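For reference, the structure is listed below as structure tokens.
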Amino acid sequence: MKSFIFSLFRRFPRLRKQSQWHFLLLFPWFIPLISYWVVGDRYLTHLGTFLWATFLNLTIGSLCLFTLDQLTQWVIQRYPNLGQTWQRVWRLLLVFVLVTPCFVLGGIFIYETFHLFGYHHNPAATGQILLLNLAANLVSVGIDESVYSLNKWRENTLEKEQLKKVNLQSQYESLKSQVNPHFLFNSLNSLSSLIADEPDRAEEFVDEMSKVYRYLLQTNEGELTTLETEMTFIQSYFHLLKTRYGAGIRLEIVIAEPFLAYQLPPLTLQMLVENAVKHNVIHASKPLLIEIKTTQVGRLVVRNNLQQKTGRVASNQVGLSNILAKYRLLSQSDPIVTSDSSHFTVALPLMPPQS
């Protein structure tokens, strides 16, 4: 008997923590009570009967506990989210209500078949055992679900806080990448080359540059912006790129008008355009084509042809990982990223305007 109990404790790591607590808190009183109702006064007056009846019922109870634990894990894996609480609870109740009476009635069948400890079937006692078992099931599922939901809520809260930090970092990096001296130097260099030869274009360049910086400084105040606003910005941003790279870069936009009022995280398009420029060769003989279009199912597709630079390009992992973090923070489906030998494509979910 000692070796059996020791083997049970050795198997504890395979159980969920809630099941371990069930074993430690429920069994010390539940098993003796059941044994007394089955065996009668002999259970308390005869040491041998007490030990062997406890051992038998503990074995049956442990098998029942392990079975319930495996089925509970299966249900939780199928319905893990807080929004699936009702689906999870009624399935767990069904599992407990169906499984535990099988073990209870199976144990009684063994007692009666082999006439263990002078057992005689007592329907009233069996009914009491089943009622107590039902009450224990309700308490167990209630405690299980409360603990699970609380832990899940804590996990979700922690994940949301981490995503907020990533989002703030991405906003900072997005702003920094544009306001840094390198970007400013390239912009001013492009401007200086226009002032003497093409003053009208220089004036237009300054106007577009001011729009870009104004948007960068103001846009992070909100979690979402309209597609129309983002497209206005990206056209100003592309104007700066076009002035610098000339025929080496092209932008094609096909946006269905109904989707202009839809929303997305700010600076998302800028990150994708910036990544395309950063990682691909840009030359008049091999222009980089960036396409931005909407689909009928409400996604915004950003695609560029692949002509990757031969040298290694340093990356601070801002781009796609930060876009993904923003969408998760907003509890939206993840962007779909695909790449083949000729194109790199990102499909972004668009959110309908809030009423």
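Going through the structure tokens in order, the chains are called A, B, and so on, while each chain numbers its residues from 1 and the ligands are numbered from 1 in the order shown.
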What are the closest atom pairs, with distances in Å to one decimal, for each residue of range 136-157 of chain A lying within 10 Å of range 73-80 of chain A, using only C-alpha atoms, rows by chain and rising residue number, as a Markdown table?
```
| residue | atom | partner | partner_atom | distance |
| --- | --- | --- | --- | --- |
| A:Glu145 | CA | A:Ile76 | CA | 10.0 |
| A:Tyr148 | CA | A:Ile76 | CA | 9.3 |
| A:Ser149 | CA | A:Pro80 | CA | 9.5 |
| A:Lys152 | CA | A:Pro80 | CA | 8.6 |
```
With C-alpha atoms kept, could you save the residues just selected as an mmCIF file, in the first residue's frame?
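Okay, out_7.cif is ready:
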```cif
data_model
loop_
_atom_site.group_PDB
_atom_site.id
_atom_site.type_symbol
_atom_site.label_atom_id
_atom_site.label_comp_id
_atom_site.auth_asym_id
_atom_site.auth_seq_id
_atom_site.Cartn_x
_atom_site.Cartn_y
_atom_site.Cartn_z
ATOM 1 C CA GLU A 145 -13.075 26.986 -13.957
ATOM 2 C CA TYR A 148 -8.421 28.576 -14.880
ATOM 3 C CA SER A 149 -10.298 31.773 -15.818
ATOM 4 C CA LYS A 152 -6.088 33.052 -18.161
#
```
Got a sec: who's within 9 Å of range 342-345 of chain A, counting only C-alpha atoms, leaving out chain neighbours fewer than 5 positions off, as a PyMOL selection string?
-> chain A and resi 276+301-307+336-337
Output all heavy atoms of each residue in that selection to a file, as a PDB file, in the first residue's frame.
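part_34.pdb written:
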```
ATOM      1  N   ALA A 276      10.714  47.755 -47.965  1.00  0.00           N
ATOM      2  CA  ALA A 276      10.934  47.461 -49.380  1.00  0.00           C
ATOM      3  C   ALA A 276      12.122  48.247 -49.917  1.00  0.00           C
ATOM      4  O   ALA A 276      12.971  47.711 -50.649  1.00  0.00           O
ATOM      5  CB  ALA A 276       9.671  47.784 -50.176  1.00  0.00           C
ATOM      6  N   VAL A 301      -3.548  44.970 -49.452  1.00  0.00           N
ATOM      7  CA  VAL A 301      -2.396  44.196 -49.903  1.00  0.00           C
ATOM      8  C   VAL A 301      -1.280  45.149 -50.304  1.00  0.00           C
ATOM      9  O   VAL A 301      -1.491  46.064 -51.117  1.00  0.00           O
ATOM     10  CB  VAL A 301      -2.773  43.285 -51.091  1.00  0.00           C
ATOM     11  CG1 VAL A 301      -1.539  42.559 -51.625  1.00  0.00           C
ATOM     12  CG2 VAL A 301      -3.840  42.284 -50.667  1.00  0.00           C
ATOM     13  N   VAL A 302      -0.102  44.946 -49.717  1.00  0.00           N
ATOM     14  CA  VAL A 302       1.092  45.718 -50.066  1.00  0.00           C
ATOM     15  C   VAL A 302       2.100  44.737 -50.638  1.00  0.00           C
ATOM     16  O   VAL A 302       2.516  43.798 -49.951  1.00  0.00           O
ATOM     17  CB  VAL A 302       1.674  46.448 -48.837  1.00  0.00           C
ATOM     18  CG1 VAL A 302       2.880  47.278 -49.247  1.00  0.00           C
ATOM     19  CG2 VAL A 302       0.611  47.328 -48.190  1.00  0.00           C
ATOM     20  N   ARG A 303       2.514  44.962 -51.895  1.00  0.00           N
ATOM     21  CA  ARG A 303       3.386  44.007 -52.574  1.00  0.00           C
ATOM     22  C   ARG A 303       4.501  44.744 -53.291  1.00  0.00           C
ATOM     23  O   ARG A 303       4.288  45.835 -53.834  1.00  0.00           O
ATOM     24  CB  ARG A 303       2.581  43.177 -53.581  1.00  0.00           C
ATOM     25  CG  ARG A 303       3.376  42.063 -54.225  1.00  0.00           C
ATOM     26  CD  ARG A 303       2.502  41.185 -55.096  1.00  0.00           C
ATOM     27  NE  ARG A 303       2.275  41.792 -56.396  1.00  0.00           N
ATOM     28  CZ  ARG A 303       2.048  41.110 -57.512  1.00  0.00           C
ATOM     29  NH1 ARG A 303       1.994  39.781 -57.477  1.00  0.00           N
ATOM     30  NH2 ARG A 303       1.839  41.729 -58.648  1.00  0.00           N
ATOM     31  N   ASN A 304       5.684  44.167 -53.252  1.00  0.00           N
ATOM     32  CA  ASN A 304       6.795  44.717 -54.027  1.00  0.00           C
ATOM     33  C   ASN A 304       7.557  43.586 -54.716  1.00  0.00           C
ATOM     34  O   ASN A 304       7.595  42.454 -54.213  1.00  0.00           O
ATOM     35  CB  ASN A 304       7.740  45.527 -53.141  1.00  0.00           C
ATOM     36  CG  ASN A 304       8.445  44.696 -52.091  1.00  0.00           C
ATOM     37  OD1 ASN A 304       7.928  44.535 -50.983  1.00  0.00           O
ATOM     38  ND2 ASN A 304       9.613  44.154 -52.406  1.00  0.00           N
ATOM     39  N   ASN A 305       8.133  43.898 -55.873  1.00  0.00           N
ATOM     40  CA  ASN A 305       8.953  42.906 -56.556  1.00  0.00           C
ATOM     41  C   ASN A 305      10.266  42.712 -55.791  1.00  0.00           C
ATOM     42  O   ASN A 305      10.792  43.646 -55.182  1.00  0.00           O
ATOM     43  CB  ASN A 305       9.222  43.322 -58.005  1.00  0.00           C
ATOM     44  CG  ASN A 305       9.834  44.710 -58.102  1.00  0.00           C
ATOM     45  OD1 ASN A 305       9.489  45.610 -57.349  1.00  0.00           O
ATOM     46  ND2 ASN A 305      10.769  44.895 -59.028  1.00  0.00           N
ATOM     47  N   LEU A 306      10.772  41.495 -55.805  1.00  0.00           N
ATOM     48  CA  LEU A 306      11.985  41.163 -55.063  1.00  0.00           C
ATOM     49  C   LEU A 306      13.215  41.310 -55.947  1.00  0.00           C
ATOM     50  O   LEU A 306      13.328  40.673 -56.995  1.00  0.00           O
ATOM     51  CB  LEU A 306      11.910  39.723 -54.533  1.00  0.00           C
ATOM     52  CG  LEU A 306      11.148  39.495 -53.222  1.00  0.00           C
ATOM     53  CD1 LEU A 306      11.170  38.027 -52.860  1.00  0.00           C
ATOM     54  CD2 LEU A 306      11.739  40.327 -52.101  1.00  0.00           C
ATOM     55  N   GLN A 307      14.110  42.161 -55.520  1.00  0.00           N
ATOM     56  CA  GLN A 307      15.437  42.295 -56.123  1.00  0.00           C
ATOM     57  C   GLN A 307      16.403  42.658 -54.994  1.00  0.00           C
ATOM     58  O   GLN A 307      16.877  43.771 -54.893  1.00  0.00           O
ATOM     59  CB  GLN A 307      15.428  43.334 -57.256  1.00  0.00           C
ATOM     60  CG  GLN A 307      14.613  44.577 -56.990  1.00  0.00           C
ATOM     61  CD  GLN A 307      14.327  45.351 -58.255  1.00  0.00           C
ATOM     62  OE1 GLN A 307      14.028  44.785 -59.307  1.00  0.00           O
ATOM     63  NE2 GLN A 307      14.441  46.681 -58.170  1.00  0.00           N
ATOM     64  N   ILE A 336      -1.121  38.596 -43.115  1.00  0.00           N
ATOM     65  CA  ILE A 336      -0.643  37.410 -43.824  1.00  0.00           C
ATOM     66  C   ILE A 336       0.560  37.808 -44.669  1.00  0.00           C
ATOM     67  O   ILE A 336       0.460  38.680 -45.543  1.00  0.00           O
ATOM     68  CB  ILE A 336      -1.745  36.807 -44.714  1.00  0.00           C
ATOM     69  CG1 ILE A 336      -2.949  36.399 -43.854  1.00  0.00           C
ATOM     70  CG2 ILE A 336      -1.220  35.609 -45.499  1.00  0.00           C
ATOM     71  CD1 ILE A 336      -4.156  35.946 -44.658  1.00  0.00           C
ATOM     72  N   VAL A 337       1.698  37.182 -44.403  1.00  0.00           N
ATOM     73  CA  VAL A 337       2.945  37.496 -45.106  1.00  0.00           C
ATOM     74  C   VAL A 337       3.302  36.326 -46.016  1.00  0.00           C
ATOM     75  O   VAL A 337       3.373  35.180 -45.560  1.00  0.00           O
ATOM     76  CB  VAL A 337       4.095  37.754 -44.115  1.00  0.00           C
ATOM     77  CG1 VAL A 337       5.376  38.098 -44.861  1.00  0.00           C
ATOM     78  CG2 VAL A 337       3.724  38.870 -43.149  1.00  0.00           C
TER      79      VAL A 337
END
```
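Using only C-alpha atoms, the nearest neighbour of Tyr111 in chain A within the list A:Ile60, A:Ile234, A:Leu241, A:Ala247 is A:Ile60.
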Once DSSP has gone over the backbone, tell me which residues of range 212-326 of chain A are in strand (DSSP E), as an MDAnalysis selection string.
-> chainID A and resid 225:226 249:254 263:264 288:294 299:305
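Atom pair CA of Ser140 in chain A / CA of Asn156 in chain A has a distance of 23.9 Å (rounded to one decimal).
Minimum distance to Met351 in chain A across A:Thr310, A:Gln296, A:Ser321, A:Thr226 (counting only C-alpha atoms) occurs at A:Thr226.
Shell of Asn122 in chain A at 12 Å, with only C-alpha atoms counted and residues fewer than 2 places along the chain excluded, is A:Trp37, A:Val38, A:Val39, A:Gly40, A:Ile108, A:Phe109, A:Tyr111, A:Glu112, A:Tyr119, A:His120, A:Ala124, A:Ala125, A:Thr126, A:Gly127, A:Gln128, A:Ile129.
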Just write the chosen residues, N, CA and C atoms, as a PDB file, in the first residue's frame.
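Written output follows (result.pdb):
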```
ATOM      1  N   TRP A  37     -19.950   4.485   3.885  1.00  0.00           N
ATOM      2  CA  TRP A  37     -21.308   4.280   3.357  1.00  0.00           C
ATOM      3  C   TRP A  37     -21.437   2.927   2.662  1.00  0.00           C
ATOM      4  N   VAL A  38     -20.357   2.458   2.047  1.00  0.00           N
ATOM      5  CA  VAL A  38     -20.403   1.180   1.331  1.00  0.00           C
ATOM      6  C   VAL A  38     -20.287   0.010   2.310  1.00  0.00           C
ATOM      7  N   VAL A  39     -19.319   0.080   3.215  1.00  0.00           N
ATOM      8  CA  VAL A  39     -19.006  -1.060   4.085  1.00  0.00           C
ATOM      9  C   VAL A  39     -19.854  -1.051   5.351  1.00  0.00           C
ATOM     10  N   GLY A  40     -20.161   0.138   5.865  1.00  0.00           N
ATOM     11  CA  GLY A  40     -20.944   0.228   7.098  1.00  0.00           C
ATOM     12  C   GLY A  40     -20.041   0.358   8.318  1.00  0.00           C
ATOM     13  N   ILE A 108     -18.986  -0.321  -6.742  1.00  0.00           N
ATOM     14  CA  ILE A 108     -20.066  -1.035  -6.053  1.00  0.00           C
ATOM     15  C   ILE A 108     -20.278  -2.417  -6.672  1.00  0.00           C
ATOM     16  N   PHE A 109     -20.165  -2.503  -7.989  1.00  0.00           N
ATOM     17  CA  PHE A 109     -20.303  -3.784  -8.679  1.00  0.00           C
ATOM     18  C   PHE A 109     -19.233  -4.777  -8.209  1.00  0.00           C
ATOM     19  N   TYR A 111     -17.669  -4.721  -5.275  1.00  0.00           N
ATOM     20  CA  TYR A 111     -18.016  -5.086  -3.907  1.00  0.00           C
ATOM     21  C   TYR A 111     -19.087  -6.182  -3.890  1.00  0.00           C
ATOM     22  N   GLU A 112     -20.123  -5.987  -4.714  1.00  0.00           N
ATOM     23  CA  GLU A 112     -21.243  -6.925  -4.679  1.00  0.00           C
ATOM     24  C   GLU A 112     -20.886  -8.254  -5.334  1.00  0.00           C
ATOM     25  N   TYR A 119     -20.273  -7.007   2.113  1.00  0.00           N
ATOM     26  CA  TYR A 119     -21.119  -5.964   1.517  1.00  0.00           C
ATOM     27  C   TYR A 119     -22.454  -6.528   1.037  1.00  0.00           C
ATOM     28  N   HIS A 120     -23.527  -5.800   1.315  1.00  0.00           N
ATOM     29  CA  HIS A 120     -24.858  -6.090   0.782  1.00  0.00           C
ATOM     30  C   HIS A 120     -25.380  -4.805   0.152  1.00  0.00           C
ATOM     31  N   ALA A 124     -30.414   2.841  -1.079  1.00  0.00           N
ATOM     32  CA  ALA A 124     -30.430   4.161  -0.443  1.00  0.00           C
ATOM     33  C   ALA A 124     -29.013   4.712  -0.296  1.00  0.00           C
ATOM     34  N   ALA A 125     -28.086   3.841   0.147  1.00  0.00           N
ATOM     35  CA  ALA A 125     -26.699   4.270   0.297  1.00  0.00           C
ATOM     36  C   ALA A 125     -26.096   4.619  -1.056  1.00  0.00           C
ATOM     37  N   THR A 126     -26.431   3.820  -2.081  1.00  0.00           N
ATOM     38  CA  THR A 126     -25.927   4.111  -3.433  1.00  0.00           C
ATOM     39  C   THR A 126     -26.437   5.469  -3.917  1.00  0.00           C
ATOM     40  N   GLY A 127     -27.694   5.762  -3.636  1.00  0.00           N
ATOM     41  CA  GLY A 127     -28.250   7.060  -4.013  1.00  0.00           C
ATOM     42  C   GLY A 127     -27.547   8.199  -3.309  1.00  0.00           C
ATOM     43  N   GLN A 128     -27.244   8.018  -2.013  1.00  0.00           N
ATOM     44  CA  GLN A 128     -26.506   9.045  -1.271  1.00  0.00           C
ATOM     45  C   GLN A 128     -25.125   9.268  -1.868  1.00  0.00           C
ATOM     46  N   ILE A 129     -24.465   8.176  -2.232  1.00  0.00           N
ATOM     47  CA  ILE A 129     -23.124   8.280  -2.820  1.00  0.00           C
ATOM     48  C   ILE A 129     -23.167   9.040  -4.134  1.00  0.00           C
TER      49      ILE A 129
END
```
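Interatomic distance, CA of Tyr36 in chain A to CA of Asp144 in chain A: 27.4 Å.
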Within 12 Å of Leu300 in chain A, counting only C-alpha atoms, which residues qualify if same-chain residues fewer than 4 places away don't, as a compact mmCIF listing (two decimals) with all heavy atoms, in the first residue's frame?
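So the final result, stored in out_5.txt, reads:
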```
# COMPACT_ATOMS: atom_id res chain seq x y z
N LEU A 227 -7.79 54.69 -43.58
CA LEU A 227 -6.96 54.34 -44.74
C LEU A 227 -6.75 55.58 -45.62
O LEU A 227 -5.66 55.76 -46.19
CB LEU A 227 -7.63 53.23 -45.54
CG LEU A 227 -6.92 52.79 -46.82
CD1 LEU A 227 -5.50 52.33 -46.53
CD2 LEU A 227 -7.72 51.69 -47.52
N GLU A 230 -3.96 57.59 -44.05
CA GLU A 230 -2.68 56.90 -44.22
C GLU A 230 -2.19 56.99 -45.66
O GLU A 230 -1.00 57.14 -45.91
CB GLU A 230 -2.85 55.43 -43.79
CG GLU A 230 -1.56 54.64 -43.73
CD GLU A 230 -0.73 54.86 -42.49
OE1 GLU A 230 -1.06 55.77 -41.70
OE2 GLU A 230 0.26 54.12 -42.32
N MET A 231 -3.12 56.91 -46.62
CA MET A 231 -2.73 56.98 -48.03
C MET A 231 -2.26 58.39 -48.40
O MET A 231 -1.35 58.56 -49.21
CB MET A 231 -3.89 56.56 -48.93
CG MET A 231 -4.25 55.09 -48.86
SD MET A 231 -2.82 53.99 -49.12
CE MET A 231 -2.25 54.58 -50.70
N ILE A 253 -1.28 52.47 -56.85
CA ILE A 253 -2.31 52.44 -55.82
C ILE A 253 -3.66 52.13 -56.47
O ILE A 253 -4.07 52.81 -57.42
CB ILE A 253 -2.39 53.78 -55.06
CG1 ILE A 253 -1.06 54.07 -54.37
CG2 ILE A 253 -3.54 53.75 -54.05
CD1 ILE A 253 -1.00 55.44 -53.72
N VAL A 254 -4.32 51.09 -55.97
CA VAL A 254 -5.68 50.76 -56.42
C VAL A 254 -6.52 50.52 -55.18
O VAL A 254 -6.54 49.42 -54.62
CB VAL A 254 -5.69 49.52 -57.34
CG1 VAL A 254 -7.12 49.26 -57.83
CG2 VAL A 254 -4.74 49.69 -58.52
N ILE A 255 -7.20 51.56 -54.71
CA ILE A 255 -7.98 51.49 -53.48
C ILE A 255 -9.46 51.69 -53.82
O ILE A 255 -9.84 52.70 -54.42
CB ILE A 255 -7.55 52.58 -52.47
CG1 ILE A 255 -6.06 52.44 -52.13
CG2 ILE A 255 -8.39 52.49 -51.20
CD1 ILE A 255 -5.70 51.18 -51.40
N ALA A 256 -10.29 50.72 -53.47
CA ALA A 256 -11.74 50.86 -53.67
C ALA A 256 -12.26 51.94 -52.71
O ALA A 256 -11.95 51.92 -51.52
CB ALA A 256 -12.44 49.53 -53.42
N PHE A 259 -13.52 51.52 -49.02
CA PHE A 259 -12.57 51.14 -47.98
C PHE A 259 -11.75 52.31 -47.45
O PHE A 259 -10.97 52.14 -46.51
CB PHE A 259 -11.62 50.05 -48.49
CG PHE A 259 -12.29 48.72 -48.72
CD1 PHE A 259 -12.41 48.20 -50.00
CD2 PHE A 259 -12.81 48.00 -47.66
CE1 PHE A 259 -13.03 46.99 -50.22
CE2 PHE A 259 -13.43 46.78 -47.87
CZ PHE A 259 -13.54 46.28 -49.16
N LEU A 260 -11.90 53.50 -48.03
CA LEU A 260 -11.11 54.64 -47.56
C LEU A 260 -11.44 55.02 -46.12
O LEU A 260 -10.59 55.55 -45.41
CB LEU A 260 -11.35 55.85 -48.48
CG LEU A 260 -10.74 55.75 -49.89
CD1 LEU A 260 -11.16 56.93 -50.74
CD2 LEU A 260 -9.22 55.66 -49.81
N TYR A 262 -12.21 52.81 -43.82
CA TYR A 262 -11.77 51.73 -42.94
C TYR A 262 -10.49 52.15 -42.20
O TYR A 262 -9.82 53.10 -42.58
CB TYR A 262 -11.54 50.45 -43.73
CG TYR A 262 -12.82 49.68 -44.01
CD1 TYR A 262 -13.90 50.29 -44.61
CD2 TYR A 262 -12.93 48.34 -43.69
CE1 TYR A 262 -15.08 49.60 -44.87
CE2 TYR A 262 -14.11 47.62 -43.95
CZ TYR A 262 -15.17 48.26 -44.53
OH TYR A 262 -16.32 47.58 -44.78
N GLN A 263 -10.16 51.41 -41.15
CA GLN A 263 -9.06 51.82 -40.27
C GLN A 263 -7.95 50.79 -40.20
O GLN A 263 -8.17 49.60 -40.44
CB GLN A 263 -9.61 52.10 -38.86
CG GLN A 263 -10.62 53.24 -38.82
CD GLN A 263 -11.17 53.45 -37.41
OE1 GLN A 263 -11.58 52.51 -36.75
NE2 GLN A 263 -11.18 54.70 -36.96
N LEU A 264 -6.77 51.28 -39.82
CA LEU A 264 -5.60 50.43 -39.61
C LEU A 264 -4.64 51.17 -38.68
O LEU A 264 -4.78 52.39 -38.50
CB LEU A 264 -4.92 50.07 -40.92
CG LEU A 264 -4.11 51.14 -41.67
CD1 LEU A 264 -3.25 50.49 -42.74
CD2 LEU A 264 -4.98 52.22 -42.28
N THR A 268 1.65 51.97 -40.53
CA THR A 268 1.82 50.60 -41.00
C THR A 268 2.37 50.58 -42.43
O THR A 268 3.31 49.85 -42.74
CB THR A 268 0.47 49.85 -40.95
OG1 THR A 268 0.01 49.82 -39.60
CG2 THR A 268 0.62 48.43 -41.45
N LEU A 269 1.78 51.39 -43.30
CA LEU A 269 2.23 51.43 -44.69
C LEU A 269 3.65 51.98 -44.81
O LEU A 269 4.45 51.52 -45.63
CB LEU A 269 1.27 52.27 -45.54
CG LEU A 269 -0.14 51.70 -45.69
CD1 LEU A 269 -1.00 52.60 -46.56
CD2 LEU A 269 -0.09 50.30 -46.29
N LEU A 272 6.14 49.25 -44.17
CA LEU A 272 6.26 48.29 -45.26
C LEU A 272 7.00 48.89 -46.45
O LEU A 272 7.84 48.23 -47.08
CB LEU A 272 4.87 47.80 -45.68
CG LEU A 272 4.11 47.00 -44.62
CD1 LEU A 272 2.71 46.65 -45.10
CD2 LEU A 272 4.87 45.72 -44.26
N GLU A 291 3.17 48.06 -54.84
CA GLU A 291 1.74 48.09 -55.14
C GLU A 291 0.94 48.09 -53.84
O GLU A 291 1.22 47.31 -52.93
CB GLU A 291 1.34 46.87 -55.98
CG GLU A 291 2.10 46.73 -57.29
CD GLU A 291 1.82 45.40 -57.95
OE1 GLU A 291 0.77 45.28 -58.62
OE2 GLU A 291 2.65 44.47 -57.79
N ILE A 292 -0.05 48.95 -53.78
CA ILE A 292 -0.96 49.01 -52.63
C ILE A 292 -2.38 48.94 -53.17
O ILE A 292 -2.80 49.80 -53.95
CB ILE A 292 -0.78 50.30 -51.81
CG1 ILE A 292 0.68 50.44 -51.34
CG2 ILE A 292 -1.72 50.33 -50.62
CD1 ILE A 292 0.97 51.73 -50.60
N LYS A 293 -3.12 47.90 -52.78
CA LYS A 293 -4.47 47.72 -53.30
C LYS A 293 -5.35 47.05 -52.25
O LYS A 293 -4.87 46.40 -51.32
CB LYS A 293 -4.46 46.90 -54.59
CG LYS A 293 -3.87 45.51 -54.42
CD LYS A 293 -3.80 44.78 -55.76
CE LYS A 293 -3.18 43.38 -55.58
NZ LYS A 293 -3.09 42.66 -56.86
N THR A 294 -6.65 47.21 -52.41
CA THR A 294 -7.61 46.55 -51.53
C THR A 294 -8.21 45.33 -52.23
O THR A 294 -8.25 45.26 -53.46
CB THR A 294 -8.74 47.52 -51.14
OG1 THR A 294 -9.31 48.10 -52.32
CG2 THR A 294 -8.24 48.61 -50.23
N THR A 295 -8.68 44.39 -51.42
CA THR A 295 -9.34 43.21 -51.95
C THR A 295 -10.83 43.28 -51.61
O THR A 295 -11.26 44.08 -50.77
CB THR A 295 -8.75 41.92 -51.36
OG1 THR A 295 -9.04 41.87 -49.95
CG2 THR A 295 -7.23 41.88 -51.55
N GLN A 296 -11.60 42.40 -52.21
CA GLN A 296 -13.04 42.41 -51.99
C GLN A 296 -13.42 42.00 -50.57
O GLN A 296 -14.50 42.33 -50.09
CB GLN A 296 -13.72 41.48 -53.00
CG GLN A 296 -13.63 41.96 -54.44
CD GLN A 296 -14.34 41.03 -55.41
OE1 GLN A 296 -14.69 39.91 -55.05
NE2 GLN A 296 -14.55 41.49 -56.63
N PRO A 335 -1.72 39.87 -39.80
CA PRO A 335 -1.43 40.08 -41.22
C PRO A 335 -0.86 38.80 -41.83
O PRO A 335 -0.21 38.01 -41.15
CB PRO A 335 -0.38 41.20 -41.21
CG PRO A 335 -0.59 41.91 -39.91
CD PRO A 335 -1.01 40.84 -38.94
N ILE A 336 -1.12 38.60 -43.12
CA ILE A 336 -0.64 37.41 -43.82
C ILE A 336 0.56 37.81 -44.67
O ILE A 336 0.46 38.68 -45.54
CB ILE A 336 -1.74 36.81 -44.71
CG1 ILE A 336 -2.95 36.40 -43.85
CG2 ILE A 336 -1.22 35.61 -45.50
CD1 ILE A 336 -4.16 35.95 -44.66
N VAL A 337 1.70 37.18 -44.40
CA VAL A 337 2.95 37.50 -45.11
C VAL A 337 3.30 36.33 -46.02
O VAL A 337 3.37 35.18 -45.56
CB VAL A 337 4.09 37.75 -44.11
CG1 VAL A 337 5.38 38.10 -44.86
CG2 VAL A 337 3.72 38.87 -43.15
N THR A 345 4.79 39.93 -50.29
CA THR A 345 3.43 40.43 -50.14
C THR A 345 2.98 40.38 -48.68
O THR A 345 3.24 39.40 -47.98
CB THR A 345 2.44 39.60 -50.99
OG1 THR A 345 2.91 39.55 -52.34
CG2 THR A 345 1.05 40.20 -50.94
N VAL A 346 2.33 41.45 -48.25
CA VAL A 346 1.72 41.50 -46.91
C VAL A 346 0.26 41.90 -47.07
O VAL A 346 -0.04 42.93 -47.69
CB VAL A 346 2.44 42.50 -45.99
CG1 VAL A 346 1.77 42.54 -44.62
CG2 VAL A 346 3.92 42.15 -45.85
N ALA A 347 -0.64 41.07 -46.54
CA ALA A 347 -2.08 41.36 -46.58
C ALA A 347 -2.52 41.79 -45.19
O ALA A 347 -2.46 41.02 -44.24
CB ALA A 347 -2.86 40.13 -47.04
N LEU A 348 -2.97 43.03 -45.06
CA LEU A 348 -3.34 43.62 -43.77
C LEU A 348 -4.85 43.64 -43.60
O LEU A 348 -5.57 44.07 -44.50
CB LEU A 348 -2.82 45.05 -43.68
CG LEU A 348 -1.31 45.26 -43.85
CD1 LEU A 348 -1.03 46.73 -44.12
CD2 LEU A 348 -0.56 44.79 -42.61
N PRO A 349 -5.36 43.20 -42.44
CA PRO A 349 -6.80 43.34 -42.17
C PRO A 349 -7.17 44.82 -42.01
O PRO A 349 -6.44 45.58 -41.37
CB PRO A 349 -6.99 42.59 -40.87
CG PRO A 349 -5.76 41.75 -40.69
CD PRO A 349 -4.66 42.49 -41.37
N LEU A 350 -8.27 45.22 -42.61
CA LEU A 350 -8.81 46.56 -42.43
C LEU A 350 -10.01 46.49 -41.48
O LEU A 350 -10.83 45.57 -41.59
CB LEU A 350 -9.23 47.17 -43.76
CG LEU A 350 -8.11 47.55 -44.73
CD1 LEU A 350 -8.68 47.99 -46.07
CD2 LEU A 350 -7.22 48.65 -44.14
N MET A 351 -10.10 47.43 -40.57
CA MET A 351 -11.17 47.43 -39.60
C MET A 351 -12.27 48.40 -40.01
O MET A 351 -11.97 49.56 -40.34
CB MET A 351 -10.62 47.81 -38.22
CG MET A 351 -9.81 46.71 -37.58
SD MET A 351 -8.55 47.32 -36.42
CE MET A 351 -7.12 47.47 -37.49
```
Would you pick out the contacts of Ile282 in chain A at 10 Å or less, using only C-alpha atoms, so that residues sharing its chain but fewer than 2 positions from it are not included, and give the list as a compact mmCIF listing (two decimals) with C-alpha atoms, in the first residue's frame?
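This is the output file selection_31.txt:
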```txt
# COMPACT_ATOMS: atom_id res chain seq x y z
CA TYR A 245 15.51 57.68 -56.52
CA GLY A 246 13.80 59.02 -59.65
CA ALA A 247 12.88 56.34 -62.17
CA GLY A 248 14.28 53.67 -59.84
CA ILE A 249 11.07 53.48 -57.78
CA ARG A 250 7.37 53.31 -58.68
CA ALA A 276 10.93 47.46 -49.38
CA VAL A 277 13.33 50.35 -49.99
CA LYS A 278 15.79 49.13 -47.38
CA HIS A 279 16.12 45.54 -48.59
CA ASN A 280 15.89 45.85 -52.39
CA ALA A 284 16.35 53.03 -63.14
CA SER A 285 17.05 49.90 -65.18
CA LYS A 286 15.48 47.72 -62.44
CA PRO A 287 12.79 49.85 -60.81
CA LEU A 288 11.33 48.81 -57.48
CA LEU A 289 7.56 48.56 -57.91
CA GLN A 307 15.44 42.30 -56.12
CA GLN A 308 17.29 41.88 -52.88
CA LYS A 309 20.55 43.58 -52.16
```
Give me the residues near Leu93 in chain A as a short mmCIF file (atom, residue, chain, number, x, y, z; two decimals) with C-alpha atoms, in the first residue's frame, where near means some atom within 8 Å (using only C-alpha atoms) and where sequence neighbours in that chain fewer than 5 positions away do not count.
```cif
data_model
loop_
_atom_site.label_atom_id
_atom_site.label_comp_id
_atom_site.auth_asym_id
_atom_site.auth_seq_id
_atom_site.Cartn_x
_atom_site.Cartn_y
_atom_site.Cartn_z
CA ASN A 137 -18.48 17.34 -9.35
CA LEU A 138 -20.19 20.73 -9.29
CA VAL A 141 -15.79 22.09 -11.98
#
```
Can you list, as a count of residues only, every residue of range 94-304 of chain A that DSSP puts in alpha helix (DSSP H)?
-> 146
What is the distance between CA of Tyr237 in chain A and CA of Gly319 in chain A, in Å to one decimal?
-> 16.5 Å
Within 12 Å of range 42-47 of chain A using only C-alpha atoms, minus same-chain residues under 2 positions, as a PyMOL selection string = chain A and resi 31-40+49-54+116-119
